[in-house]
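Engineer: Dumping the structure here so I can ask a few things about it.
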Amino acid sequence: MKYWKQMWSACVLFPLVACGGGNQSNAQTEQASVGTDSVNQVVETILARRSVRKYKPQPVEREKMQTIVECGVNAPNAMNRQPWEIRVVDNPDFINGVTELYKKEQPKAAEDPNFKNMFRNAPTVVFVGRDVQSGSAEFDCGLLSENMMLAAQSMGIGSCCLGSPAAFMRSPAAAEYLKQLGFSEGYELLYCIAFGYPDEAPAAKPRDLTKIKFVE
Ligand SMILES: Cc1cc2nc3c(=O)[nH]c(=O)nc-3n(C[C@H](O)[C@H](O)[C@H](O)COP(=O)(O)O)c2cc1C
């Protein structure tokens with residue numbers, strides 16, 4: 001299947017591209033290639049990913065989520081300690097239930113006519129927990145998450161990294177839902193990621209390429 005080929009590329013080649021990609025002159029629009037006329041699928045996938053905040057209602061198939069999460073845990077991480085735990089939720093009772101609590105605290109959010117749930121309207125949410133004792137967990141979890149989002153992109157699945165909803169999940173108001181995630185002792189929820197089939201195609205936000213310098 002085509003996406004398996006892209007998935008392999010996303011998982012195996014991404015680190016190479018990430019190290020060498022700083023000389024893209026127009027990161028948002030240029031069709032990417034690496035020294036030849038052939039299109040590089042990994043670079044294309046990276047440049048095409050955008051945060052999606054409108055989704056089709058159906059959850060992502062669990063088989064595909066399994067692949068996405070396995071790409072996540074194959075991310076580089078300090079000393080291979082894997083200081084993360086991942087929880088995948090596609091149960092509407094969970095998502096809508098905690099959203100009802102969220103709406104009580106943030107009533108304005110639900111006034112948006114596109115509002116479906118507190119996870120930027122996604123039908124599938126991945127919650128990432130970090131080992132609180134690990135000094136590298138935030139880096140490691142960041143790499144884990146980008147792997148997941150790029151793998152999803154390569155499969156036609158949209159995503160959005162979410163900090164604010166995770167803050168609500170950590171608040172006393174959402175305690176019963178946080179408990180249901182069942183993170184191990186010593187782990188805390190760091191953030192969550194929305195996944196689903198996109199119902200919008202956002203334009204790229206500009207990136208400041210002057211922040212990149214080659215040092216002679
Ligand atoms: C750590 C982190 C937290 C974020 N939290 C939120 C959030 O709470 N809500 C949201 O809509 N987007 C959130 N985002 C998505 C960013 O707004 C988005 O990545 C950024 O604007 C760049 O846009 P792009 O992803 O489309 O390239 C978060 C991204 C990161 C990396």
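A note on labels: chains of the structure tokens are A, B, ... as shown, every chain counts residues from 1, and ligands are counted from 1 in their shown order.
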Any chance you could list, as JSON, numbers by chain, the residues in range 3-216 of chain A that come up helix (DSSP H, G or I) when DSSP is run on the backbone?
Structural biologist: {"A": [3, 4, 5, 6, 7, 8, 9, 10, 11, 12, 13, 14, 15, 16, 17, 18, 19, 20, 21, 22, 23, 41, 42, 43, 44, 45, 46, 47, 48, 62, 63, 64, 65, 66, 67, 68, 69, 70, 71, 72, 73, 78, 79, 80, 92, 93, 94, 95, 96, 97, 98, 99, 100, 101, 102, 103, 104, 105, 109, 110, 111, 137, 138, 139, 140, 141, 142, 143, 144, 145, 146, 147, 148, 149, 150, 151, 152, 153, 154, 164, 165, 166, 167, 168, 169, 170, 172, 173, 174, 175, 176, 177, 178, 179, 180, 181, 209, 210, 211]}
Engineer: Write out as CSV the residues of chain A that have any atom within 6 Å of an atom of ligand 1, one row each with the nearest atom pair and its distance in Å to one decimal, counting only C-alpha atoms and all ligand atoms, sorted by chain and then rising number.
Structural biologist:
```
residue,atom,partner,partner_atom_place_in_ligand_line,distance
A:Arg50,CA,ligand 1,26 (O),3.5
A:Ser51,CA,ligand 1,26 (O),3.8
A:Cys160,CA,ligand 1,15 (C),5.7
A:Cys161,CA,ligand 1,28 (C),4.6
A:Leu162,CA,ligand 1,5 (N),3.7
A:Gly163,CA,ligand 1,5 (N),3.8
A:Ser164,CA,ligand 1,8 (O),3.8
A:Pro165,CA,ligand 1,8 (O),5.9
A:Ala204,CA,ligand 1,26 (O),5.8
A:Lys205,CA,ligand 1,23 (O),5.8
```
Engineer: Give me the residues of range 118-163 of chain A that have any atom at most 7 Å from an atom of range 57-68 of chain A; for each, the nearest atom pair and the distance in Å, rounded to one decimal. Use only C-alpha atoms, sort by chain and number, and format it as a tab-separated table.
Structural biologist:
```
residue	atom	partner	partner_atom	distance
A:Pro123	CA	A:Pro59	CA	4.8
A:Thr124	CA	A:Pro59	CA	5.4
A:Met148	CA	A:Ile68	CA	5.2
A:Ala151	CA	A:Ile68	CA	5.7
A:Ala152	CA	A:Ile68	CA	6.1
```
Engineer: Keeping only C-alpha atoms, write the selected residues to a file as a JSON list (two decimals), in the first residue's frame.
Structural biologist:
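And here is the file that came out, again08.json:
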```json
[["chain", "number", "residue", "atom", "x", "y", "z"],
["A", 123, "PRO", "CA", -12.51, 12.25, 16.96],
["A", 124, "THR", "CA", -9.26, 10.60, 18.12],
["A", 148, "MET", "CA", 3.39, 10.63, 15.02],
["A", 151, "ALA", "CA", 3.36, 9.57, 10.01],
["A", 152, "ALA", "CA", -0.29, 10.65, 10.17]]
```
Engineer: Which one of A:Arg120, A:Arg49, A:Lys108, A:Lys54 sits closest to Ala166 in chain A if you count only C-alpha atoms?
Structural biologist: A:Arg120
Engineer: Figure out the distance between CA of Gln153 in chain A and CA of Asn80 in chain A, please, to one decimal in Å.
Structural biologist: 25.3 Å
Engineer: Check range 27-103 of chain A with DSSP on the backbone and list each residue it calls strand (DSSP E or B), as a PDB file with N, CA, C and O atoms, in the first residue's frame.
Structural biologist:
```pdb
ATOM      1  N   SER A  33      13.009  18.617  -3.244  1.00  0.00           N
ATOM      2  CA  SER A  33      13.782  17.549  -3.850  1.00  0.00           C
ATOM      3  C   SER A  33      15.133  17.527  -3.179  1.00  0.00           C
ATOM      4  O   SER A  33      15.532  18.491  -2.542  1.00  0.00           O
ATOM      5  N   VAL A  39      10.949  13.829  -6.588  1.00  0.00           N
ATOM      6  CA  VAL A  39      10.310  14.410  -5.416  1.00  0.00           C
ATOM      7  C   VAL A  39      10.672  13.568  -4.196  1.00  0.00           C
ATOM      8  O   VAL A  39      10.669  12.348  -4.248  1.00  0.00           O
ATOM      9  N   SER A  51      -1.374  22.255  11.273  1.00  0.00           N
ATOM     10  CA  SER A  51      -2.296  21.944  12.373  1.00  0.00           C
ATOM     11  C   SER A  51      -3.731  22.025  11.865  1.00  0.00           C
ATOM     12  O   SER A  51      -4.133  23.050  11.313  1.00  0.00           O
ATOM     13  N   TYR A  55     -12.374  18.451  11.676  1.00  0.00           N
ATOM     14  CA  TYR A  55     -12.202  17.054  11.267  1.00  0.00           C
ATOM     15  C   TYR A  55     -13.522  16.445  10.841  1.00  0.00           C
ATOM     16  O   TYR A  55     -14.592  16.834  11.322  1.00  0.00           O
ATOM     17  N   TRP A  84       8.145   7.966  28.279  1.00  0.00           N
ATOM     18  CA  TRP A  84       6.799   8.383  27.883  1.00  0.00           C
ATOM     19  C   TRP A  84       5.798   7.265  28.107  1.00  0.00           C
ATOM     20  O   TRP A  84       6.161   6.093  28.233  1.00  0.00           O
ATOM     21  N   GLU A  85       4.536   7.648  28.191  1.00  0.00           N
ATOM     22  CA  GLU A  85       3.428   6.695  28.082  1.00  0.00           C
ATOM     23  C   GLU A  85       2.398   7.332  27.165  1.00  0.00           C
ATOM     24  O   GLU A  85       2.201   8.556  27.198  1.00  0.00           O
ATOM     25  N   ILE A  86       1.761   6.485  26.363  1.00  0.00           N
ATOM     26  CA  ILE A  86       0.833   6.997  25.353  1.00  0.00           C
ATOM     27  C   ILE A  86      -0.525   6.359  25.560  1.00  0.00           C
ATOM     28  O   ILE A  86      -0.623   5.136  25.744  1.00  0.00           O
ATOM     29  N   ARG A  87      -1.552   7.183  25.543  1.00  0.00           N
ATOM     30  CA  ARG A  87      -2.925   6.690  25.643  1.00  0.00           C
ATOM     31  C   ARG A  87      -3.704   7.184  24.433  1.00  0.00           C
ATOM     32  O   ARG A  87      -3.715   8.388  24.157  1.00  0.00           O
ATOM     33  N   VAL A  88      -4.342   6.267  23.734  1.00  0.00           N
ATOM     34  CA  VAL A  88      -5.129   6.618  22.547  1.00  0.00           C
ATOM     35  C   VAL A  88      -6.606   6.536  22.919  1.00  0.00           C
ATOM     36  O   VAL A  88      -7.054   5.507  23.430  1.00  0.00           O
ATOM     37  N   VAL A  89      -7.334   7.603  22.689  1.00  0.00           N
ATOM     38  CA  VAL A  89      -8.759   7.638  23.047  1.00  0.00           C
ATOM     39  C   VAL A  89      -9.590   7.972  21.806  1.00  0.00           C
ATOM     40  O   VAL A  89      -9.357   9.004  21.168  1.00  0.00           O
TER      41      VAL A  89
END
```
Engineer: Pick out the closest residue to Arg170 in chain A from this set: A:Pro198, A:Val98, A:Ser38, A:Ser184. Count only C-alpha atoms.
Structural biologist: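 When distances to Arg170 in chain A are compared using only C-alpha atoms, the smallest one comes from A:Val98.
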Engineer: Identify, on the basis of only C-alpha atoms, every residue whose closest approach to Tyr177 in chain A does not exceed 9 Å; exclude the query and any residue fewer than 6 positions from it along the same chain; express the result as an MDAnalysis selection string.
Structural biologist: chainID A and resid 94 97:98 169
Engineer: Which is closest to Glu100 in chain A among A:Ala174, A:Arg130, A:Ile193, A:Cys141, if we use only C-alpha atoms?
Structural biologist: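 Going through A:Ala174, A:Arg130, A:Ile193, A:Cys141 one by one, the smallest distance to Glu100 in chain A is for A:Ala174.
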Engineer: Residues at most 9 Å from Asn77 in chain A, counting only C-alpha atoms, excluding those fewer than 6 positions away in the same chain, as a PyMOL selection string?
Structural biologist: chain A and resi 83+136-137+139-141+143-144
Engineer: A:Ile212, A:Glu185, A:Arg207, A:Pro107: which is nearest Leu47 in chain A, counting only C-alpha atoms?
Structural biologist: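 Among the listed residues, A:Arg207 lies closest to Leu47 in chain A.
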Engineer: When distances are computed from only C-alpha atoms, which of A:Val69, A:Ala203, A:Ala75, A:Val43 shows the smallest separation from Val126 in chain A?
Structural biologist: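 Residue with the minimum atom-to-atom distance to Val126 in chain A: A:Val69.
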Engineer: Nearest to Ala194 in chain A among A:Asn40, A:Arg81, A:Asn117, A:Ala122, with distances taken over only C-alpha atoms: which residue is it?
Structural biologist: A:Ala122
Engineer: Could you please determine the separation between CA of Tyr191 in chain A and CA of Lys211 in chain A in Å, to one decimal place?
Structural biologist: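 These atoms are spaced 26.4 Å apart.
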Engineer: Could you tell me how far CA of Glu105 in chain A lies from CA of Leu189 in chain A, in Å and to one decimal?
Structural biologist: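 That distance, rounded to one decimal, is 19.8 Å.
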